[in-house]
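File shown: run.txt. Contents: compact mmCIF, N, CA and C atoms.
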# COMPACT_ATOMS: atom_id res chain seq x y z
N MET A 1 1.02 -51.65 -9.43
CA MET A 1 1.60 -50.45 -10.00
C MET A 1 0.96 -49.20 -9.41
N SER A 2 -0.32 -49.28 -9.04
CA SER A 2 -0.99 -48.10 -8.50
C SER A 2 -0.43 -47.73 -7.14
N GLN A 3 0.22 -48.65 -6.45
CA GLN A 3 0.79 -48.36 -5.14
C GLN A 3 2.20 -47.80 -5.24
N HIS A 4 2.81 -47.85 -6.40
CA HIS A 4 4.18 -47.36 -6.59
C HIS A 4 4.18 -45.84 -6.55
N THR A 5 4.91 -45.26 -5.63
CA THR A 5 4.93 -43.80 -5.48
C THR A 5 6.05 -43.16 -6.28
N GLY A 6 6.96 -43.94 -6.79
CA GLY A 6 8.07 -43.39 -7.57
C GLY A 6 9.33 -43.33 -6.73
N CYS A 7 10.42 -43.66 -7.35
CA CYS A 7 11.71 -43.61 -6.68
C CYS A 7 12.63 -42.71 -7.50
N ASP A 8 13.87 -42.55 -7.05
CA ASP A 8 14.82 -41.70 -7.78
C ASP A 8 15.01 -42.18 -9.21
N MET A 9 15.04 -43.50 -9.41
CA MET A 9 15.23 -44.05 -10.75
C MET A 9 14.05 -43.69 -11.64
N CYS A 10 12.82 -43.76 -11.09
CA CYS A 10 11.63 -43.47 -11.89
C CYS A 10 11.57 -42.01 -12.31
N ARG A 11 12.06 -41.13 -11.48
CA ARG A 11 11.99 -39.70 -11.79
C ARG A 11 12.97 -39.29 -12.89
N ASN A 12 13.96 -40.13 -13.17
CA ASN A 12 14.97 -39.80 -14.18
C ASN A 12 14.55 -40.22 -15.59
N TYR A 13 13.52 -41.05 -15.71
CA TYR A 13 13.15 -41.57 -17.01
C TYR A 13 11.69 -41.24 -17.31
N ILE A 14 11.42 -41.12 -18.57
CA ILE A 14 10.06 -40.81 -19.02
C ILE A 14 9.74 -41.70 -20.21
N THR A 15 8.51 -42.15 -20.32
CA THR A 15 8.09 -42.99 -21.43
C THR A 15 7.02 -42.25 -22.20
N VAL A 16 7.16 -42.22 -23.51
CA VAL A 16 6.19 -41.56 -24.36
C VAL A 16 5.58 -42.60 -25.28
N PHE A 17 4.26 -42.65 -25.28
CA PHE A 17 3.55 -43.57 -26.16
C PHE A 17 2.96 -42.77 -27.31
N SER A 18 2.95 -43.37 -28.46
CA SER A 18 2.35 -42.70 -29.61
C SER A 18 1.50 -43.71 -30.38
N PHE A 19 0.52 -43.20 -31.11
CA PHE A 19 -0.38 -44.03 -31.88
C PHE A 19 0.30 -44.47 -33.17
N VAL A 20 0.20 -45.73 -33.49
CA VAL A 20 0.75 -46.27 -34.74
C VAL A 20 -0.42 -46.85 -35.52
N ASP A 21 -0.61 -46.35 -36.71
CA ASP A 21 -1.68 -46.86 -37.57
C ASP A 21 -1.23 -48.17 -38.18
N THR A 22 -1.81 -49.26 -37.74
CA THR A 22 -1.37 -50.58 -38.21
C THR A 22 -1.78 -50.86 -39.64
N HIS A 23 -2.77 -50.16 -40.14
CA HIS A 23 -3.20 -50.41 -41.52
C HIS A 23 -2.15 -49.93 -42.51
N LYS A 24 -1.50 -48.79 -42.24
CA LYS A 24 -0.47 -48.29 -43.14
C LYS A 24 0.77 -49.16 -43.10
N SER A 25 1.22 -49.53 -41.89
CA SER A 25 2.44 -50.32 -41.78
C SER A 25 2.23 -51.74 -42.29
N HIS A 26 1.00 -52.26 -42.23
CA HIS A 26 0.73 -53.62 -42.70
C HIS A 26 0.97 -53.74 -44.21
N SER A 27 0.62 -52.72 -44.96
CA SER A 27 0.81 -52.79 -46.41
C SER A 27 2.29 -52.78 -46.76
N LYS A 28 3.11 -52.06 -45.99
CA LYS A 28 4.55 -52.04 -46.26
C LYS A 28 5.18 -53.38 -45.91
N VAL A 29 4.75 -53.98 -44.81
CA VAL A 29 5.32 -55.24 -44.38
C VAL A 29 4.97 -56.36 -45.36
N SER A 30 3.73 -56.39 -45.82
CA SER A 30 3.32 -57.48 -46.69
C SER A 30 4.08 -57.47 -48.01
N SER A 31 4.51 -56.30 -48.50
CA SER A 31 5.24 -56.26 -49.76
C SER A 31 6.70 -56.71 -49.58
N MET A 32 7.21 -56.70 -48.33
CA MET A 32 8.59 -57.10 -48.09
C MET A 32 8.69 -58.53 -47.56
N PHE A 33 7.56 -59.19 -47.37
CA PHE A 33 7.59 -60.52 -46.79
C PHE A 33 7.14 -61.54 -47.82
N PRO A 34 7.73 -62.65 -47.94
CA PRO A 34 8.93 -63.11 -47.27
C PRO A 34 10.18 -62.51 -47.91
N PRO A 35 11.23 -62.34 -47.13
CA PRO A 35 12.45 -61.77 -47.70
C PRO A 35 13.11 -62.75 -48.67
N SER A 36 13.91 -62.21 -49.54
CA SER A 36 14.61 -63.08 -50.48
C SER A 36 15.70 -63.85 -49.73
N PRO A 37 16.07 -65.03 -50.17
CA PRO A 37 17.10 -65.82 -49.49
C PRO A 37 18.45 -65.12 -49.58
N PRO A 38 19.29 -65.30 -48.58
CA PRO A 38 20.60 -64.65 -48.61
C PRO A 38 21.48 -65.26 -49.69
N ASP A 39 22.36 -64.42 -50.25
CA ASP A 39 23.27 -64.93 -51.26
C ASP A 39 24.48 -65.58 -50.57
N ASN A 40 25.30 -66.25 -51.34
CA ASN A 40 26.44 -67.00 -50.78
C ASN A 40 27.45 -66.09 -50.10
N LYS A 41 27.63 -64.86 -50.59
CA LYS A 41 28.58 -63.94 -49.97
C LYS A 41 28.11 -63.55 -48.57
N LEU A 42 26.83 -63.27 -48.41
CA LEU A 42 26.30 -62.91 -47.09
C LEU A 42 26.43 -64.08 -46.12
N ILE A 43 26.14 -65.28 -46.58
CA ILE A 43 26.27 -66.46 -45.73
C ILE A 43 27.73 -66.64 -45.30
N ALA A 44 28.66 -66.48 -46.23
CA ALA A 44 30.08 -66.62 -45.90
C ALA A 44 30.52 -65.53 -44.93
N ASP A 45 30.04 -64.29 -45.11
CA ASP A 45 30.39 -63.20 -44.20
C ASP A 45 29.89 -63.47 -42.79
N VAL A 46 28.67 -63.98 -42.66
CA VAL A 46 28.10 -64.29 -41.35
C VAL A 46 28.90 -65.39 -40.67
N ILE A 47 29.21 -66.45 -41.40
CA ILE A 47 29.96 -67.57 -40.82
C ILE A 47 31.37 -67.12 -40.43
N ASN A 48 32.04 -66.36 -41.29
CA ASN A 48 33.39 -65.88 -40.97
C ASN A 48 33.37 -64.94 -39.78
N GLY A 49 32.38 -64.07 -39.70
CA GLY A 49 32.27 -63.16 -38.56
C GLY A 49 32.05 -63.91 -37.26
N TYR A 50 31.21 -64.94 -37.31
CA TYR A 50 30.96 -65.76 -36.13
C TYR A 50 32.24 -66.48 -35.70
N CYS A 51 32.95 -67.05 -36.65
CA CYS A 51 34.20 -67.75 -36.32
C CYS A 51 35.23 -66.80 -35.73
N ASP A 52 35.30 -65.57 -36.23
CA ASP A 52 36.22 -64.58 -35.68
C ASP A 52 35.83 -64.19 -34.25
N ASP A 53 34.53 -64.14 -33.98
CA ASP A 53 34.05 -63.72 -32.67
C ASP A 53 34.25 -64.78 -31.59
N ILE A 54 34.39 -66.04 -31.96
CA ILE A 54 34.51 -67.08 -30.95
C ILE A 54 35.91 -67.70 -30.88
N THR A 55 36.91 -67.06 -31.45
CA THR A 55 38.28 -67.56 -31.31
C THR A 55 38.71 -67.43 -29.85
N PRO A 56 39.60 -68.29 -29.39
CA PRO A 56 40.05 -68.20 -28.00
C PRO A 56 40.58 -66.82 -27.63
N GLU A 57 41.25 -66.16 -28.57
CA GLU A 57 41.78 -64.83 -28.28
C GLU A 57 40.66 -63.82 -28.06
N SER A 58 39.51 -64.05 -28.68
CA SER A 58 38.40 -63.13 -28.57
C SER A 58 37.59 -63.31 -27.29
N ILE A 59 37.60 -64.51 -26.73
CA ILE A 59 36.74 -64.76 -25.58
C ILE A 59 37.49 -64.93 -24.26
N LYS A 60 38.83 -64.90 -24.29
CA LYS A 60 39.59 -65.01 -23.05
C LYS A 60 39.37 -63.77 -22.19
N GLU A 61 39.29 -63.99 -20.88
CA GLU A 61 39.10 -62.90 -19.93
C GLU A 61 40.20 -62.95 -18.88
N ASP A 62 40.41 -61.81 -18.24
CA ASP A 62 41.38 -61.73 -17.15
C ASP A 62 40.90 -60.68 -16.17
N GLY A 63 41.44 -60.73 -14.97
CA GLY A 63 41.04 -59.78 -13.94
C GLY A 63 41.70 -58.43 -14.11
N CYS A 64 40.94 -57.39 -13.84
CA CYS A 64 41.45 -56.01 -13.90
C CYS A 64 42.30 -55.75 -12.67
N ALA A 65 43.42 -55.06 -12.84
CA ALA A 65 44.30 -54.75 -11.71
C ALA A 65 43.69 -53.70 -10.79
N VAL A 66 42.70 -52.96 -11.24
CA VAL A 66 42.08 -51.92 -10.43
C VAL A 66 40.85 -52.45 -9.70
N CYS A 67 39.91 -53.04 -10.43
CA CYS A 67 38.64 -53.45 -9.82
C CYS A 67 38.52 -54.95 -9.60
N ALA A 68 39.42 -55.74 -10.16
CA ALA A 68 39.45 -57.20 -10.04
C ALA A 68 38.29 -57.89 -10.75
N CYS A 69 37.51 -57.17 -11.55
CA CYS A 69 36.43 -57.77 -12.33
C CYS A 69 37.01 -58.38 -13.61
N LEU A 70 36.34 -59.42 -14.09
CA LEU A 70 36.78 -60.04 -15.34
C LEU A 70 36.36 -59.18 -16.53
N HIS A 71 37.29 -59.01 -17.46
CA HIS A 71 37.04 -58.25 -18.69
C HIS A 71 37.72 -58.99 -19.83
N PRO A 72 37.21 -58.87 -21.06
CA PRO A 72 37.89 -59.49 -22.20
C PRO A 72 39.32 -58.96 -22.32
N LEU A 73 40.23 -59.84 -22.69
CA LEU A 73 41.63 -59.42 -22.84
C LEU A 73 41.79 -58.29 -23.84
N SER A 74 40.92 -58.25 -24.83
CA SER A 74 41.01 -57.19 -25.83
C SER A 74 40.72 -55.81 -25.25
N HIS A 75 40.08 -55.75 -24.07
CA HIS A 75 39.76 -54.47 -23.44
C HIS A 75 40.77 -54.09 -22.36
N LEU A 76 41.75 -54.96 -22.11
CA LEU A 76 42.73 -54.71 -21.05
C LEU A 76 44.08 -54.33 -21.64
N THR A 77 44.85 -53.62 -20.86
CA THR A 77 46.21 -53.24 -21.22
C THR A 77 47.16 -53.97 -20.27
N ASN A 78 48.24 -54.51 -20.81
CA ASN A 78 49.22 -55.20 -19.98
C ASN A 78 49.84 -54.19 -19.02
N LEU A 79 49.75 -54.47 -17.73
CA LEU A 79 50.24 -53.56 -16.71
C LEU A 79 51.74 -53.34 -16.82
N LEU A 80 52.48 -54.37 -17.22
CA LEU A 80 53.94 -54.24 -17.34
C LEU A 80 54.34 -53.38 -18.54
N GLU A 81 53.48 -53.31 -19.55
CA GLU A 81 53.77 -52.52 -20.74
C GLU A 81 53.21 -51.10 -20.66
N SER A 82 52.40 -50.82 -19.65
CA SER A 82 51.81 -49.49 -19.54
C SER A 82 52.81 -48.51 -18.95
N GLU A 83 52.57 -47.25 -19.16
CA GLU A 83 53.46 -46.21 -18.67
C GLU A 83 52.91 -45.57 -17.41
N VAL A 84 52.26 -46.38 -16.58
CA VAL A 84 51.67 -45.89 -15.34
C VAL A 84 52.73 -45.93 -14.24
N ASN A 85 52.84 -44.85 -13.48
CA ASN A 85 53.80 -44.79 -12.37
C ASN A 85 53.22 -45.54 -11.20
N MET A 86 53.83 -46.68 -10.85
CA MET A 86 53.37 -47.52 -9.76
C MET A 86 54.08 -47.21 -8.44
N GLU A 87 54.87 -46.16 -8.41
CA GLU A 87 55.66 -45.81 -7.22
C GLU A 87 54.76 -45.58 -6.00
N ILE A 88 53.57 -45.08 -6.22
CA ILE A 88 52.67 -44.79 -5.11
C ILE A 88 52.26 -46.07 -4.35
N LEU A 89 52.36 -47.22 -5.01
CA LEU A 89 51.99 -48.48 -4.38
C LEU A 89 53.13 -49.12 -3.58
N THR A 90 54.32 -48.56 -3.67
CA THR A 90 55.48 -49.12 -2.99
C THR A 90 55.48 -48.72 -1.52
N MET A 91 55.62 -49.72 -0.65
CA MET A 91 55.70 -49.45 0.80
C MET A 91 57.15 -49.21 1.17
N HIS A 92 57.41 -48.15 1.88
CA HIS A 92 58.76 -47.86 2.34
C HIS A 92 58.89 -48.29 3.80
N GLY A 93 59.98 -48.93 4.13
CA GLY A 93 60.20 -49.35 5.51
C GLY A 93 59.63 -50.68 5.67
With the file now loaded, output its structure as structure tokens.
Amino acid sequence: MSQHTGCDMCRNYITVFSFVDTHKSHSKVSSMFPPSPPDNKLIADVINGYCDDITPESIKEDGCAVCACLHPLSHLTNLLESEVNMEILTMHG
């Protein structure tokens, strides 16, 4: 690290360190630990959310017509349904 002179990326970011008194935070943590067990509604919400996130419709990907990178279908717009003028792509002659 002592040989690193800095690059453009390094000049754009700054890190600030601050002192944290562990004695004060330790007393707050000990009163909250161990947490109470989750109730049945929270467990059901987590399971339902997970099931919604892994449905085939949620994880299917397709290529972008502009960059050709894969993106989730939920982030793409059907090119045939869009109101984009594609005339510029037509070759004449």
For Leu73 of chain A, list every protein, DNA or RNA residue within 8 Å, evaluated using only C-alpha atoms, and leave out those in the same chain fewer than 5 positions away; present the list as an NGL selection string. :A and (57-62)
Would you output that residue set with N, CA and C atoms, as an mmCIF file, keeping the file's coordinate frame?
data_model
loop_
_atom_site.group_PDB
_atom_site.id
_atom_site.type_symbol
_atom_site.label_atom_id
_atom_site.label_comp_id
_atom_site.auth_asym_id
_atom_site.auth_seq_id
_atom_site.Cartn_x
_atom_site.Cartn_y
_atom_site.Cartn_z
ATOM 1 N N GLU A 57 41.250 -66.160 -28.570
ATOM 2 C CA GLU A 57 41.780 -64.830 -28.280
ATOM 3 C C GLU A 57 40.660 -63.820 -28.060
ATOM 4 N N SER A 58 39.510 -64.050 -28.680
ATOM 5 C CA SER A 58 38.400 -63.130 -28.570
ATOM 6 C C SER A 58 37.590 -63.310 -27.290
ATOM 7 N N ILE A 59 37.600 -64.510 -26.730
ATOM 8 C CA ILE A 59 36.740 -64.760 -25.580
ATOM 9 C C ILE A 59 37.490 -64.930 -24.260
ATOM 10 N N LYS A 60 38.830 -64.900 -24.290
ATOM 11 C CA LYS A 60 39.590 -65.010 -23.050
ATOM 12 C C LYS A 60 39.370 -63.770 -22.190
ATOM 13 N N GLU A 61 39.290 -63.990 -20.880
ATOM 14 C CA GLU A 61 39.100 -62.900 -19.930
ATOM 15 C C GLU A 61 40.200 -62.950 -18.880
ATOM 16 N N ASP A 62 40.410 -61.810 -18.240
ATOM 17 C CA ASP A 62 41.380 -61.730 -17.150
ATOM 18 C C ASP A 62 40.900 -60.680 -16.170
#
What separation in Å, quoted to one decimal, exists between atom C of Cys51 of chain A and atom C of Asp39 of chain A? 18.4 Å
Extract, using only C-alpha atoms, all DNA, RNA and protein residues at most 12 Å from segment 79-84 of chain A, discarding same-chain residues fewer than 5 positions from it, and format them as a list in words. Gly63, Cys64, Ala65, Val66 and Leu89 of chain A
